[in-house]
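Peer 1: This one is final.pdb, PDB, C-alpha atoms.
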```pdb
ATOM      1  CA  MET D 321    -166.047  93.134 162.387
ATOM      2  CA  LYS D 322    -164.112  96.282 163.293
ATOM      3  CA  LYS D 323    -164.793  95.706 167.028
ATOM      4  CA  ILE D 324    -163.440  92.156 166.753
ATOM      5  CA  ILE D 325    -160.351  93.407 164.894
ATOM      6  CA  ALA D 326    -159.661  96.155 167.418
ATOM      7  CA  ALA D 327    -160.103  93.871 170.426
ATOM      8  CA  SER D 328    -157.878  91.160 168.943
ATOM      9  CA  LEU D 329    -155.049  93.508 168.041
ATOM     10  CA  ILE D 330    -155.153  95.400 171.349
ATOM     11  CA  SER D 331    -155.186  92.166 173.395
ATOM     12  CA  LEU D 332    -152.219  90.691 171.564
ATOM     13  CA  GLY D 333    -150.339  93.984 171.755
ATOM     14  CA  LEU D 334    -150.871  94.261 175.522
ATOM     15  CA  ALA D 335    -149.806  90.637 176.016
ATOM     16  CA  SER D 336    -146.633  91.272 174.011
ATOM     17  CA  SER D 337    -145.733  94.370 176.033
ATOM     18  CA  ALA D 338    -146.502  92.696 179.368
ATOM     19  CA  PHE D 339    -144.406  89.653 178.561
ATOM     20  CA  ALA D 340    -141.462  91.780 177.455
ATOM     21  CA  ALA D 341    -141.719  93.974 180.555
ATOM     22  CA  THR D 342    -142.058  91.217 183.156
ATOM     23  CA  THR D 343    -139.563  88.596 181.940
ATOM     24  CA  PRO D 344    -136.419  88.843 184.137
ATOM     25  CA  ALA D 345    -133.285  89.450 182.093
ATOM     26  CA  LYS D 346    -131.259  86.942 184.101
ATOM     27  CA  THR D 347    -133.615  84.064 183.202
ATOM     28  CA  THR D 348    -133.757  84.822 179.481
ATOM     29  CA  ILE D 349    -132.441  81.992 177.339
ATOM     30  CA  PRO D 350    -130.070  83.319 174.670
ATOM     31  CA  SER D 351    -131.940  83.435 171.364
ATOM     32  CA  LEU D 352    -130.644  81.821 168.222
ATOM     33  CA  SER D 353    -131.869  84.726 166.078
ATOM     34  CA  PRO D 354    -132.664  88.438 166.492
ATOM     35  CA  LEU D 355    -136.044  87.548 164.970
ATOM     36  CA  ASP D 356    -137.024  85.714 168.188
ATOM     37  CA  GLY D 357    -139.745  87.292 170.318
ATOM     38  CA  PHE D 358    -143.037  89.145 170.272
ATOM     39  CA  TYR D 359    -143.311  91.644 167.434
ATOM     40  CA  ILE D 360    -145.476  94.375 165.978
ATOM     41  CA  GLY D 361    -145.301  95.543 162.387
ATOM     42  CA  GLY D 362    -147.020  97.527 159.712
ATOM     43  CA  GLY D 363    -146.658  98.305 156.067
ATOM     44  CA  ALA D 364    -148.243  98.689 152.673
ATOM     45  CA  GLY D 365    -148.713  96.782 149.450
ATOM     46  CA  TYR D 366    -150.908  96.083 146.465
ATOM     47  CA  GLN D 367    -153.734  93.639 145.817
ATOM     48  CA  SER D 368    -155.220  92.325 142.585
ATOM     49  CA  THR D 369    -158.699  90.798 142.798
ATOM     50  CA  ASP D 370    -160.311  88.452 140.295
ATOM     51  CA  ALA D 371    -164.082  88.573 140.846
ATOM     52  CA  SER D 372    -166.908  87.188 138.718
ATOM     53  CA  VAL D 373    -170.471  88.505 138.632
ATOM     54  CA  LYS D 374    -173.523  86.802 137.136
ATOM     55  CA  ASN D 375    -175.728  88.049 134.324
ATOM     56  CA  ASN D 376    -179.148  86.809 135.436
ATOM     57  CA  TYR D 377    -180.658  87.337 131.983
ATOM     58  CA  ASP D 378    -178.595  84.686 130.187
ATOM     59  CA  GLY D 379    -176.738  82.955 133.056
ATOM     60  CA  SER D 380    -173.283  84.046 131.880
ATOM     61  CA  HIS D 381    -170.494  85.324 134.114
ATOM     62  CA  SER D 382    -168.293  88.385 133.616
ATOM     63  CA  SER D 383    -165.052  89.489 135.231
ATOM     64  CA  ALA D 384    -165.106  92.447 137.624
ATOM     65  CA  ASP D 385    -161.454  93.019 138.468
ATOM     66  CA  ILE D 386    -160.543  95.102 141.520
ATOM     67  CA  ASP D 387    -156.974  96.346 141.925
ATOM     68  CA  GLY D 388    -155.668  98.743 144.543
ATOM     69  CA  GLY D 389    -153.302  99.492 147.369
ATOM     70  CA  LEU D 390    -153.538  98.103 150.901
ATOM     71  CA  LEU D 391    -152.314  98.889 154.401
ATOM     72  CA  ASP D 392    -151.652  96.242 157.023
ATOM     73  CA  LEU D 393    -150.901  95.800 160.736
ATOM     74  CA  ASN D 394    -149.537  92.573 162.230
ATOM     75  CA  LEU D 395    -148.789  91.264 165.716
ATOM     76  CA  GLY D 396    -147.305  87.945 166.707
ATOM     77  CA  TYR D 397    -144.574  85.801 168.179
ATOM     78  CA  GLY D 398    -141.813  83.781 166.577
ATOM     79  CA  LYS D 399    -138.845  81.691 167.713
ATOM     80  CA  ALA D 400    -135.951  79.813 166.172
ATOM     81  CA  LEU D 401    -136.371  76.161 167.170
ATOM     82  CA  SER D 402    -132.870  75.362 165.977
ATOM     83  CA  LYS D 403    -130.165  77.017 163.898
ATOM     84  CA  SER D 404    -132.173  76.209 160.781
ATOM     85  CA  PHE D 405    -135.872  76.117 161.673
ATOM     86  CA  TYR D 406    -138.202  78.897 162.811
ATOM     87  CA  LEU D 407    -141.869  78.952 163.770
ATOM     88  CA  GLY D 408    -144.081  81.996 164.189
ATOM     89  CA  GLY D 409    -147.727  82.926 164.398
ATOM     90  CA  GLY D 410    -149.992  85.891 164.910
ATOM     91  CA  LEU D 411    -152.734  88.174 163.660
ATOM     92  CA  ARG D 412    -152.803  90.401 160.591
ATOM     93  CA  TYR D 413    -155.278  93.106 159.650
ATOM     94  CA  ASP D 414    -155.491  94.316 156.036
ATOM     95  CA  TYR D 415    -157.313  97.462 154.942
ATOM     96  CA  TYR D 416    -158.103  97.713 151.219
ATOM     97  CA  GLY D 417    -159.743 101.141 151.083
ATOM     98  CA  ASN D 418    -163.229  99.906 150.087
ATOM     99  CA  VAL D 419    -162.254  99.456 146.429
ATOM    100  CA  ASP D 420    -165.027  98.307 144.085
ATOM    101  CA  SER D 421    -165.986  97.371 140.540
ATOM    102  CA  SER D 422    -169.311  97.131 138.743
ATOM    103  CA  LYS D 423    -170.751  95.538 135.599
ATOM    104  CA  SER D 424    -173.969  96.342 133.742
ATOM    105  CA  PHE D 425    -176.121  94.000 131.668
ATOM    106  CA  SER D 426    -179.233  94.576 129.594
ATOM    107  CA  ASN D 427    -182.083  92.575 128.098
ATOM    108  CA  THR D 428    -183.979  94.314 125.313
ATOM    109  CA  ASP D 429    -187.070  92.902 123.669
ATOM    110  CA  VAL D 430    -190.019  94.386 121.769
ATOM    111  CA  GLY D 431    -191.519  96.910 124.175
ATOM    112  CA  LEU D 432    -189.245  95.756 127.046
ATOM    113  CA  ASN D 433    -186.032  97.219 128.455
ATOM    114  CA  GLN D 434    -184.377  95.476 131.412
ATOM    115  CA  GLN D 435    -181.184  96.689 133.070
ATOM    116  CA  GLN D 436    -179.022  94.915 135.676
ATOM    117  CA  THR D 437    -175.975  96.343 137.495
ATOM    118  CA  ASN D 438    -173.761  94.189 139.718
ATOM    119  CA  LYS D 439    -171.297  95.780 142.136
ATOM    120  CA  VAL D 440    -168.643  94.075 144.265
ATOM    121  CA  GLN D 441    -166.566  95.862 146.914
ATOM    122  CA  LEU D 442    -163.559  94.718 148.978
ATOM    123  CA  ASN D 443    -163.288  96.408 152.394
ATOM    124  CA  ASP D 444    -160.888  94.797 154.904
ATOM    125  CA  ALA D 445    -159.761  91.481 156.394
ATOM    126  CA  LEU D 446    -158.418  89.873 159.573
ATOM    127  CA  PHE D 447    -156.235  86.735 159.423
ATOM    128  CA  ALA D 448    -154.744  84.353 161.990
ATOM    129  CA  THR D 449    -151.602  82.776 160.556
ATOM    130  CA  ILE D 450    -148.733  80.427 161.299
ATOM    131  CA  MET D 451    -145.320  80.991 159.723
ATOM    132  CA  PRO D 452    -142.958  78.009 159.539
ATOM    133  CA  GLY D 453    -139.635  78.932 158.017
ATOM    134  CA  VAL D 454    -135.974  78.240 157.349
ATOM    135  CA  LEU D 455    -133.181  80.459 158.697
ATOM    136  CA  VAL D 456    -130.702  81.000 155.862
ATOM    137  CA  THR D 457    -128.621  82.952 158.384
ATOM    138  CA  PRO D 458    -129.556  83.940 161.965
ATOM    139  CA  LYS D 459    -130.809  87.255 160.526
ATOM    140  CA  THR D 460    -132.452  86.037 157.305
ATOM    141  CA  LEU D 461    -135.660  83.996 157.282
ATOM    142  CA  LEU D 462    -137.514  82.367 154.391
ATOM    143  CA  TYR D 463    -141.041  81.503 155.519
ATOM    144  CA  ALA D 464    -144.466  80.281 154.479
ATOM    145  CA  ASN D 465    -147.585  82.151 155.546
ATOM    146  CA  LEU D 466    -150.589  79.870 156.169
ATOM    147  CA  GLY D 467    -153.858  80.680 157.869
ATOM    148  CA  ILE D 468    -157.530  81.472 157.931
ATOM    149  CA  GLY D 469    -159.488  84.648 158.432
ATOM    150  CA  ILE D 470    -162.480  86.797 157.615
ATOM    151  CA  VAL D 471    -162.744  89.032 154.555
ATOM    152  CA  ASN D 472    -165.352  91.802 154.648
ATOM    153  CA  MET D 473    -166.931  92.465 151.250
ATOM    154  CA  GLU D 474    -170.112  93.870 149.759
ATOM    155  CA  GLY D 475    -172.175  92.715 146.802
ATOM    156  CA  SER D 476    -175.218  94.300 145.231
ATOM    157  CA  VAL D 477    -177.528  93.741 142.279
ATOM    158  CA  LYS D 478    -179.813  96.471 140.971
ATOM    159  CA  TYR D 479    -182.596  95.680 138.486
ATOM    160  CA  SER D 480    -184.870  97.970 136.520
ATOM    161  CA  THR D 481    -187.596  97.109 134.008
ATOM    162  CA  THR D 482    -189.165  99.641 131.681
ATOM    163  CA  ILE D 483    -192.389  98.901 129.819
ATOM    164  CA  PRO D 484    -194.263 101.737 128.065
ATOM    165  CA  GLY D 485    -195.992 103.552 130.890
ATOM    166  CA  THR D 486    -194.431 101.376 133.636
ATOM    167  CA  PHE D 487    -191.138 101.394 135.531
ATOM    168  CA  GLN D 488    -190.124  98.817 138.177
ATOM    169  CA  ALA D 489    -186.954  98.623 140.252
ATOM    170  CA  ASN D 490    -185.551  96.053 142.691
ATOM    171  CA  ASN D 491    -182.292  96.035 144.662
ATOM    172  CA  GLU D 492    -180.301  93.377 146.531
ATOM    173  CA  ASP D 493    -177.448  94.590 148.723
ATOM    174  CA  GLU D 494    -175.498  92.799 151.465
ATOM    175  CA  THR D 495    -172.210  93.252 153.296
ATOM    176  CA  LYS D 496    -170.739  89.957 154.501
ATOM    177  CA  ASP D 497    -167.823  88.635 156.552
ATOM    178  CA  VAL D 498    -166.680  85.665 154.489
ATOM    179  CA  VAL D 499    -164.389  82.950 155.903
ATOM    180  CA  SER D 500    -161.218  82.864 153.797
ATOM    181  CA  GLY D 501    -158.005  80.887 153.575
ATOM    182  CA  ILE D 502    -154.637  82.555 153.020
ATOM    183  CA  ALA D 503    -151.356  81.054 151.774
ATOM    184  CA  GLY D 504    -148.109  82.699 150.735
ATOM    185  CA  ILE D 505    -144.346  82.952 151.000
ATOM    186  CA  GLY D 506    -142.007  85.665 152.217
ATOM    187  CA  VAL D 507    -138.581  86.721 153.403
ATOM    188  CA  ARG D 508    -137.701  88.614 156.586
ATOM    189  CA  GLN D 509    -134.394  90.328 157.289
ATOM    190  CA  ALA D 510    -133.180  91.598 160.670
ATOM    191  CA  PHE D 511    -131.091  94.791 160.768
ATOM    192  CA  SER D 512    -130.652  94.895 164.556
ATOM    193  CA  GLN D 513    -131.958  93.159 167.687
ATOM    194  CA  HIS D 514    -135.241  95.060 167.335
ATOM    195  CA  ILE D 515    -135.706  96.164 163.728
ATOM    196  CA  SER D 516    -136.462  93.918 160.766
ATOM    197  CA  MET D 517    -138.217  94.106 157.430
ATOM    198  CA  SER D 518    -140.317  91.555 155.528
ATOM    199  CA  ALA D 519    -141.676  91.167 152.019
ATOM    200  CA  GLU D 520    -144.289  88.572 151.062
ATOM    201  CA  VAL D 521    -146.878  87.549 148.493
ATOM    202  CA  ASP D 522    -150.156  85.833 149.412
ATOM    203  CA  HIS D 523    -153.211  84.300 147.800
ATOM    204  CA  VAL D 524    -156.551  84.804 149.555
ATOM    205  CA  ALA D 525    -159.506  82.545 148.706
ATOM    206  CA  PRO D 526    -162.884  83.398 150.315
ATOM    207  CA  ASN D 527    -165.472  80.626 150.677
ATOM    208  CA  SER D 528    -167.205  80.555 147.276
ATOM    209  CA  GLY D 529    -170.413  79.223 148.843
ATOM    210  CA  ASP D 530    -170.918  82.266 151.065
ATOM    211  CA  LEU D 531    -170.398  85.242 148.745
ATOM    212  CA  PRO D 532    -172.715  88.305 148.767
ATOM    213  CA  PRO D 533    -175.473  88.859 146.137
ATOM    214  CA  GLY D 534    -174.431  88.983 142.498
ATOM    215  CA  VAL D 535    -170.881  87.677 143.146
ATOM    216  CA  SER D 536    -170.286  84.199 141.749
ATOM    217  CA  ASP D 537    -166.524  83.874 142.341
ATOM    218  CA  PHE D 538    -163.917  85.850 144.277
ATOM    219  CA  ASP D 539    -160.218  85.524 145.118
ATOM    220  CA  TYR D 540    -157.194  87.797 145.120
ATOM    221  CA  ASN D 541    -153.417  88.060 145.340
ATOM    222  CA  GLU D 542    -151.505  90.581 147.395
ATOM    223  CA  GLY D 543    -147.930  91.646 147.867
ATOM    224  CA  LEU D 544    -146.753  93.718 150.822
ATOM    225  CA  VAL D 545    -143.717  95.071 152.631
ATOM    226  CA  ASN D 546    -143.619  95.438 156.432
ATOM    227  CA  PHE D 547    -141.353  97.144 158.938
ATOM    228  CA  ILE D 548    -141.274  95.165 162.197
ATOM    229  CA  TYR D 549    -140.245  95.898 165.788
ATOM    230  CA  THR D 550    -139.349  92.893 167.983
ATOM    231  CA  PHE D 551    -139.621  93.210 171.777
ATOM    232  CA  LYS D 552    -136.632  92.005 173.773
TER     233      LYS D 552
END
```
Please, can you express the file's structure as structure tokens?
Peer 2:
Amino acid sequence: MKKIIAASLISLGLASSAFAATTPAKTTIPSLSPLDGFYIGGGAGYQSTDASVKNNYDGSHSSADIDGGLLDLNLGYGKALSKSFYLGGGLRYDYYGNVDSSKSFSNTDVGLNQQQTNKVQLNDALFATIMPGVLVTPKTLLYANLGIGIVNMEGSVKYSTTIPGTFQANNEDETKDVVSGIAGIGVRQAFSQHISMSAEVDHVAPNSGDLPPGVSDFDYNEGLVNFIYTFK
């Protein structure tokens, strides 16, 4: 996944720079907003994950919450279509720092001791998004963030069974790239022709039918602030 992320971000970055460098100034159509153009941005935020893991002994489910900071990098293009409407789109990479949570379960009977430990870990994600919005002023944009991407996560289940004189262990462990939808809202403010800042909140919902071992449900919310440079 990291090779795909790197190639995607580098390609879009090179295309942005090339376009900005080769477009003749005399043919440039005056923009309706300083937010118009190719952009690159980065920032930080916080995510709160609501995960569920399954107790295989009784079939119940328990919460395994994962909260932590995140870093992000985004590249894209946006343009004011009129004095009121704006449309943008691009790529965004989120790094969550490989945060994890685990839950342990047990099943004890006469002469039998069974232990189960479920672990879920959130690594990183890459999203392709579109951003339709409304220009409150030429420098202030309210927008929606809608898209699809891939979230990289890991799930594992470790079992052990102890019977007098006998010990057995079995492990399931898999790291998966899970297709995920993303939806959110944000605001972006320009401070000059090149510099702007955005703040947004998003909900990310990975495909529940393709989660790694031991994870029965998974989704999370994130809030982040970005500083953005727009090429002119």
Peer 1: Counting only C-alpha atoms, which residues have an atom no more than 9 Å from (-167.5, 94.1, 148.2) in the file's coordinates? Please list them as a ChimeraX atom specification.
Peer 2: /D:418-421,439-443,472-476,494-496,532,535
Peer 1: Can you tell me, as a PyMOL selection string, what residues are no more than 7 Å from Asp356 (chain D) when counting only C-alpha atoms, ignoring any on the same chain fewer than 5 positions away?
Peer 2: chain D and resi 351+398-400
Peer 1: Can you tell me how far CA of Gln434 (chain D) sits from CA of His381 (chain D), in Å to one decimal?
Peer 2: 17.4 Å
Peer 1: Between CA of Val477 (chain D) and CA of Val499 (chain D), measure the distance and give it in Å to one decimal.
Peer 2: 21.8 Å
Peer 1: Under the PyMOL selection byres ((chain D and resi 358-364) around 6), which residues of this model are included? Write them out as a list of chain:residue names.
Peer 2: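 This file, filtered by the PyMOL selection byres ((chain D and resi 358-364) around 6), leaves D:Ser336, D:Gly357, D:Gly365, D:Leu390, D:Leu391, D:Asp392, D:Leu393, D:Asn394, D:Leu395, D:Gly396, D:Tyr397, D:Leu544, D:Val545, D:Asn546, D:Phe547, D:Ile548, D:Tyr549, D:Thr550, D:Phe551.
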Peer 1: Which is closer to Tyr416 (chain D) than all the others in D:Tyr366, D:Phe447, D:Phe538, D:Tyr479, using all atoms listed in the file?
Peer 2: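 Closest to Tyr416 (chain D) of all the choices is D:Tyr366.
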Peer 1: Nearest residue to Gly506 (chain D) out of D:Ile483, D:Asn465, D:Tyr540, D:Val524, using all atoms listed in the file?
Peer 2: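 Under the stated criterion, the closest residue is D:Asn465.
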Peer 1: Which protein, DNA or RNA residues have an atom at most 10 Å from (-160.8, 88.3, 139.8), counting all atoms listed in the file? List them as a list in words.
Peer 2: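 All residues meeting the 10 Å criterion around (-160.8, 88.3, 139.8) are Ser368, Thr369, Asp370, Ala371, Ser372, Val373, Ser382, Ser383, Ala384, Asp385, Ile386, Asp387, Asp537, Phe538, Asp539, Tyr540 and Asn541 of chain D.
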Peer 1: Quick one: distance from CA of Glu492 (chain D) to CA of Asp414 (chain D) in Å, one decimal?
Peer 2: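 Here the two named atoms are 26.6 Å from each other.
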Peer 1: For Arg508 (chain D), list every protein, DNA or RNA residue within 6 Å, evaluated using only C-alpha atoms, and leave out those in the same chain fewer than 5 positions away; present the list as a VMD selection string.
Peer 2: chain D and resid 460 to 461 517 to 518
Peer 1: Near region 423-427 of chain D, within 7 Å and counting all atoms listed in the file, which residues show up once chain neighbours fewer than 2 positions away are dropped, as a PyMOL selection string?
Peer 2: chain D and resi 375+377+384+429+433-439
Peer 1: Provide region 472-486 of chain D of the preceding structure as a file containing N, CA and C atoms, as an mmCIF file, in the first residue's frame.
Peer 2:
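Final output, out.cif:
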```
data_model
loop_
_atom_site.group_PDB
_atom_site.id
_atom_site.type_symbol
_atom_site.label_atom_id
_atom_site.label_comp_id
_atom_site.auth_asym_id
_atom_site.auth_seq_id
_atom_site.Cartn_x
_atom_site.Cartn_y
_atom_site.Cartn_z
ATOM 1 N N ASN D 472 -5.690 0.726 5.873
ATOM 2 C CA ASN D 472 -4.824 -0.404 6.221
ATOM 3 C C ASN D 472 -4.949 -0.683 7.712
ATOM 4 N N MET D 473 -5.368 -1.899 8.051
ATOM 5 C CA MET D 473 -5.541 -2.281 9.453
ATOM 6 C C MET D 473 -5.105 -3.721 9.663
ATOM 7 N N GLU D 474 -4.896 -4.067 10.925
ATOM 8 C CA GLU D 474 -4.469 -5.417 11.278
ATOM 9 C C GLU D 474 -5.386 -5.981 12.358
ATOM 10 N N GLY D 475 -5.711 -7.259 12.225
ATOM 11 C CA GLY D 475 -6.491 -7.945 13.241
ATOM 12 C C GLY D 475 -5.853 -9.277 13.570
ATOM 13 N N SER D 476 -5.889 -9.648 14.838
ATOM 14 C CA SER D 476 -5.321 -10.933 15.229
ATOM 15 C C SER D 476 -6.133 -11.544 16.360
ATOM 16 N N VAL D 477 -6.134 -12.877 16.385
ATOM 17 C CA VAL D 477 -6.779 -13.630 17.458
ATOM 18 C C VAL D 477 -5.791 -14.699 17.920
ATOM 19 N N LYS D 478 -5.523 -14.708 19.215
ATOM 20 C CA LYS D 478 -4.616 -15.697 19.788
ATOM 21 C C LYS D 478 -5.388 -16.564 20.785
ATOM 22 N N TYR D 479 -5.293 -17.893 20.594
ATOM 23 C CA TYR D 479 -5.983 -18.833 21.473
ATOM 24 C C TYR D 479 -4.951 -19.677 22.228
ATOM 25 N N SER D 480 -5.303 -20.037 23.439
ATOM 26 C CA SER D 480 -4.507 -21.021 24.177
ATOM 27 C C SER D 480 -5.446 -21.879 25.016
ATOM 28 N N THR D 481 -5.153 -23.163 25.072
ATOM 29 C CA THR D 481 -5.958 -24.114 25.856
ATOM 30 C C THR D 481 -5.026 -24.907 26.764
ATOM 31 N N THR D 482 -5.356 -24.894 28.047
ATOM 32 C CA THR D 482 -4.553 -25.622 29.024
ATOM 33 C C THR D 482 -5.390 -26.717 29.673
ATOM 34 N N ILE D 483 -4.949 -27.942 29.501
ATOM 35 C CA ILE D 483 -5.517 -29.111 30.164
ATOM 36 C C ILE D 483 -4.369 -29.720 30.963
ATOM 37 N N PRO D 484 -4.626 -30.236 32.162
ATOM 38 C CA PRO D 484 -3.534 -30.813 32.957
ATOM 39 C C PRO D 484 -2.608 -31.680 32.106
ATOM 40 N N GLY D 485 -1.363 -31.211 32.013
ATOM 41 C CA GLY D 485 -0.368 -31.954 31.243
ATOM 42 C C GLY D 485 -0.319 -31.610 29.771
ATOM 43 N N THR D 486 -1.204 -30.703 29.298
ATOM 44 C CA THR D 486 -1.269 -30.360 27.872
ATOM 45 C C THR D 486 -1.466 -28.857 27.677
#
```
